[in-house]
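The structure appears right after this line, and notes come after that.
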Amino acid sequence: MPTLEIIPIKSFKILEEGDDLVSVLFESMKQENLNLEENDILVVASKIVSVVEHRVVHYSSIEPTQLAEKLAKKAKIDSEFAQVILEESNADYIGCVPGAITTISKYGLLANAGSDQSNVGEKQVVLLPKNCKESAKEIHEKLEEKTGKYVGIIIADSRTMPLRLGTVGGALATYGFKSIIDERGNQDLFGRQMHITTRAIADQLATAAEILMGETNERTPFVIIRGYPFERINKSDEIDINSRITAEQCMFIGPLLPCLREKISGDVQND
């Protein structure tokens, strides 16, 4: 069995819009006497990708609709924040709890469509990166160009699990390695064939990294995972891990969709 090292990299500065993410990474590693090695996996917090890509929205640019006002009241959040959530999810939401609107977006079932107000200025919202896959590819290619090392990339964010308290890590995008392992057709210890099991390797690694990244003032947006025996893949085999399953195929959401869609349609019509 492989032994994994999980190595946190504290950023030497708070990243700002327009910063060069890779340059900040290298300076941060230099200050901690760290280097990338061949076949490392670099986990990058999605928020800093968003910030450097100018994905920060100011309340002054937002005009809430009546639906946003209605949902904001239910969720006990600002109406401007609710409007951002609706726009980021194309108004594909399930309902509200205090503090959050539960949405379905291209990145899955998320609180507030992944939009976040933590570690950002007052009356501002950080959106998820526009194209996480492209961002992961760019980081991978820059690192290979500058170091000569082959490094897998995970862009990670925290998320919640149905009926579980607290957050775990999740991979919004990967690049350079096989991120999902299909166990269907393999046999268990007793010779039973697996029929539905796939292993979300990238999500598991993202959760390991999130232990050290933290959620508040840790200022640790980079983590190196060293020792995982990943399988390299060609550019032509790269996939968007968010496109592998639809809401209809999800064992949690699929059975609920008919009543959820009816509820949402009624809310929109009554807006």
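Starting from 1 in every chain, residues are counted up; chains themselves are A, B, ... following the order of the structure tokens, and ligands are numbered from 1 as listed.
Residues of segment 187-269 of chain A that DSSP, applied to the backbone, places in alpha helix (DSSP H): Ile201, Ala202, Asp203, Gln204, Leu205, Ala206, Thr207, Ala208, Ala209, Glu210, Ile211, Leu212, Met213, Leu257, Pro258, Cys259, Leu260, Arg261, Glu262, Lys263, Ile264, Ser265, Gly266, Asp267, Val268 and Gln269 of chain A.
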Save the residues we just selected, N, CA and C atoms, as a PDB file, in the first residue's frame?
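In the end it all went to selection15.pdb:
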```
ATOM      1  N   ILE A 201     -11.715   9.200  -6.687  1.00  0.00           N
ATOM      2  CA  ILE A 201     -10.366   9.417  -6.165  1.00  0.00           C
ATOM      3  C   ILE A 201     -10.079  10.898  -5.933  1.00  0.00           C
ATOM      4  N   ALA A 202     -10.444  11.733  -6.901  1.00  0.00           N
ATOM      5  CA  ALA A 202     -10.154  13.166  -6.779  1.00  0.00           C
ATOM      6  C   ALA A 202     -10.883  13.774  -5.586  1.00  0.00           C
ATOM      7  N   ASP A 203     -12.125  13.371  -5.353  1.00  0.00           N
ATOM      8  CA  ASP A 203     -12.862  13.874  -4.195  1.00  0.00           C
ATOM      9  C   ASP A 203     -12.213  13.418  -2.889  1.00  0.00           C
ATOM     10  N   GLN A 204     -11.751  12.168  -2.866  1.00  0.00           N
ATOM     11  CA  GLN A 204     -11.101  11.659  -1.659  1.00  0.00           C
ATOM     12  C   GLN A 204      -9.808  12.419  -1.366  1.00  0.00           C
ATOM     13  N   LEU A 205      -9.020  12.681  -2.403  1.00  0.00           N
ATOM     14  CA  LEU A 205      -7.783  13.427  -2.219  1.00  0.00           C
ATOM     15  C   LEU A 205      -8.065  14.879  -1.827  1.00  0.00           C
ATOM     16  N   ALA A 206      -9.126  15.452  -2.416  1.00  0.00           N
ATOM     17  CA  ALA A 206      -9.504  16.824  -2.066  1.00  0.00           C
ATOM     18  C   ALA A 206      -9.902  16.923  -0.600  1.00  0.00           C
ATOM     19  N   THR A 207     -10.600  15.920  -0.105  1.00  0.00           N
ATOM     20  CA  THR A 207     -10.988  15.926   1.306  1.00  0.00           C
ATOM     21  C   THR A 207      -9.760  15.832   2.205  1.00  0.00           C
ATOM     22  N   ALA A 208      -8.795  14.991   1.816  1.00  0.00           N
ATOM     23  CA  ALA A 208      -7.552  14.896   2.600  1.00  0.00           C
ATOM     24  C   ALA A 208      -6.851  16.252   2.647  1.00  0.00           C
ATOM     25  N   ALA A 209      -6.817  16.939   1.508  1.00  0.00           N
ATOM     26  CA  ALA A 209      -6.168  18.252   1.452  1.00  0.00           C
ATOM     27  C   ALA A 209      -6.917  19.284   2.282  1.00  0.00           C
ATOM     28  N   GLU A 210      -8.236  19.210   2.275  1.00  0.00           N
ATOM     29  CA  GLU A 210      -9.050  20.193   2.995  1.00  0.00           C
ATOM     30  C   GLU A 210      -8.796  20.149   4.500  1.00  0.00           C
ATOM     31  N   ILE A 211      -8.342  19.007   5.007  1.00  0.00           N
ATOM     32  CA  ILE A 211      -8.016  18.934   6.437  1.00  0.00           C
ATOM     33  C   ILE A 211      -6.981  19.989   6.798  1.00  0.00           C
ATOM     34  N   LEU A 212      -6.012  20.198   5.907  1.00  0.00           N
ATOM     35  CA  LEU A 212      -4.949  21.157   6.163  1.00  0.00           C
ATOM     36  C   LEU A 212      -5.246  22.536   5.604  1.00  0.00           C
ATOM     37  N   MET A 213      -6.055  22.611   4.563  1.00  0.00           N
ATOM     38  CA  MET A 213      -6.410  23.917   4.002  1.00  0.00           C
ATOM     39  C   MET A 213      -7.246  24.726   4.978  1.00  0.00           C
ATOM     40  N   LEU A 257     -36.750  14.384  -8.032  1.00  0.00           N
ATOM     41  CA  LEU A 257     -36.826  15.434  -9.044  1.00  0.00           C
ATOM     42  C   LEU A 257     -38.236  15.830  -9.467  1.00  0.00           C
ATOM     43  N   PRO A 258     -39.155  14.889  -9.715  1.00  0.00           N
ATOM     44  CA  PRO A 258     -40.490  15.302 -10.176  1.00  0.00           C
ATOM     45  C   PRO A 258     -41.169  16.304  -9.247  1.00  0.00           C
ATOM     46  N   CYS A 259     -41.152  16.036  -7.941  1.00  0.00           N
ATOM     47  CA  CYS A 259     -41.813  16.957  -7.011  1.00  0.00           C
ATOM     48  C   CYS A 259     -41.007  18.238  -6.850  1.00  0.00           C
ATOM     49  N   LEU A 260     -39.684  18.147  -6.944  1.00  0.00           N
ATOM     50  CA  LEU A 260     -38.859  19.343  -6.839  1.00  0.00           C
ATOM     51  C   LEU A 260     -39.094  20.283  -8.013  1.00  0.00           C
ATOM     52  N   ARG A 261     -39.138  19.731  -9.221  1.00  0.00           N
ATOM     53  CA  ARG A 261     -39.364  20.547 -10.408  1.00  0.00           C
ATOM     54  C   ARG A 261     -40.730  21.237 -10.351  1.00  0.00           C
ATOM     55  N   GLU A 262     -41.717  20.515  -9.857  1.00  0.00           N
ATOM     56  CA  GLU A 262     -43.069  21.083  -9.745  1.00  0.00           C
ATOM     57  C   GLU A 262     -43.075  22.242  -8.757  1.00  0.00           C
ATOM     58  N   LYS A 263     -42.380  22.073  -7.653  1.00  0.00           N
ATOM     59  CA  LYS A 263     -42.311  23.126  -6.637  1.00  0.00           C
ATOM     60  C   LYS A 263     -41.615  24.371  -7.196  1.00  0.00           C
ATOM     61  N   ILE A 264     -40.473  24.160  -7.867  1.00  0.00           N
ATOM     62  CA  ILE A 264     -39.710  25.279  -8.408  1.00  0.00           C
ATOM     63  C   ILE A 264     -40.518  26.020  -9.458  1.00  0.00           C
ATOM     64  N   SER A 265     -41.213  25.267 -10.317  1.00  0.00           N
ATOM     65  CA  SER A 265     -42.024  25.880 -11.365  1.00  0.00           C
ATOM     66  C   SER A 265     -43.105  26.761 -10.741  1.00  0.00           C
ATOM     67  N   GLY A 266     -43.704  26.282  -9.650  1.00  0.00           N
ATOM     68  CA  GLY A 266     -44.728  27.066  -8.988  1.00  0.00           C
ATOM     69  C   GLY A 266     -44.173  28.337  -8.389  1.00  0.00           C
ATOM     70  N   ASP A 267     -42.967  28.245  -7.810  1.00  0.00           N
ATOM     71  CA  ASP A 267     -42.330  29.433  -7.221  1.00  0.00           C
ATOM     72  C   ASP A 267     -42.060  30.486  -8.276  1.00  0.00           C
ATOM     73  N   VAL A 268     -41.542  30.054  -9.424  1.00  0.00           N
ATOM     74  CA  VAL A 268     -41.181  30.989 -10.490  1.00  0.00           C
ATOM     75  C   VAL A 268     -42.440  31.655 -11.057  1.00  0.00           C
ATOM     76  N   GLN A 269     -43.493  30.864 -11.272  1.00  0.00           N
ATOM     77  CA  GLN A 269     -44.722  31.405 -11.838  1.00  0.00           C
ATOM     78  C   GLN A 269     -45.391  32.400 -10.896  1.00  0.00           C
TER      79      GLN A 269
END
```
Worksheet entry | All residues 8 Å or closer to Arg55 of chain A, only C-alpha atoms, same chain fewer than 2 positions away omitted, as a list in words |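 Everything that qualifies: Ser50, Val51, Val52, Glu53, Val57, Val126, Leu127, Leu128, Pro129 and Lys130 of chain A.
Take atom CA of Thr147 of chain A and atom CA of Ile224 of chain A: the distance between them is 14.8 Å.
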Which segment 6-46 of chain A residues have any atom within 12 Å of an atom of segment 175-178 of chain A, and for each, what is the nearest pair of atoms with distance in Å to one decimal, counting only C-alpha atoms, rows sorted by chain and number, as a tab-separated table?
```
residue	atom	partner	partner_atom	distance
A:Asn39	CA	A:Phe177	CA	9.4
A:Asp40	CA	A:Phe177	CA	10.6
A:Ile41	CA	A:Phe177	CA	9.0
A:Leu42	CA	A:Tyr175	CA	10.1
A:Val43	CA	A:Tyr175	CA	10.7
A:Val44	CA	A:Tyr175	CA	11.8
```
Once you have the residues from the selection above, write them out as a compact mmCIF listing (two decimals), in the first residue's frame, restricted to N, CA and C atoms.
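This went into result-v1.txt:
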```txt
# COMPACT_ATOMS: atom_id res chain seq x y z
N ASN A 39 5.28 13.52 -10.34
CA ASN A 39 4.07 12.78 -9.96
C ASN A 39 3.45 13.25 -8.65
N ASP A 40 3.79 14.46 -8.20
CA ASP A 40 3.00 15.07 -7.13
C ASP A 40 1.61 15.40 -7.66
N ILE A 41 0.68 15.58 -6.74
CA ILE A 41 -0.62 16.16 -7.06
C ILE A 41 -0.73 17.46 -6.28
N LEU A 42 -1.03 18.53 -6.99
CA LEU A 42 -1.21 19.83 -6.34
C LEU A 42 -2.70 20.12 -6.24
N VAL A 43 -3.16 20.30 -5.00
CA VAL A 43 -4.55 20.66 -4.76
C VAL A 43 -4.60 22.18 -4.54
N VAL A 44 -5.47 22.84 -5.31
CA VAL A 44 -5.58 24.29 -5.27
C VAL A 44 -6.99 24.67 -4.85
```
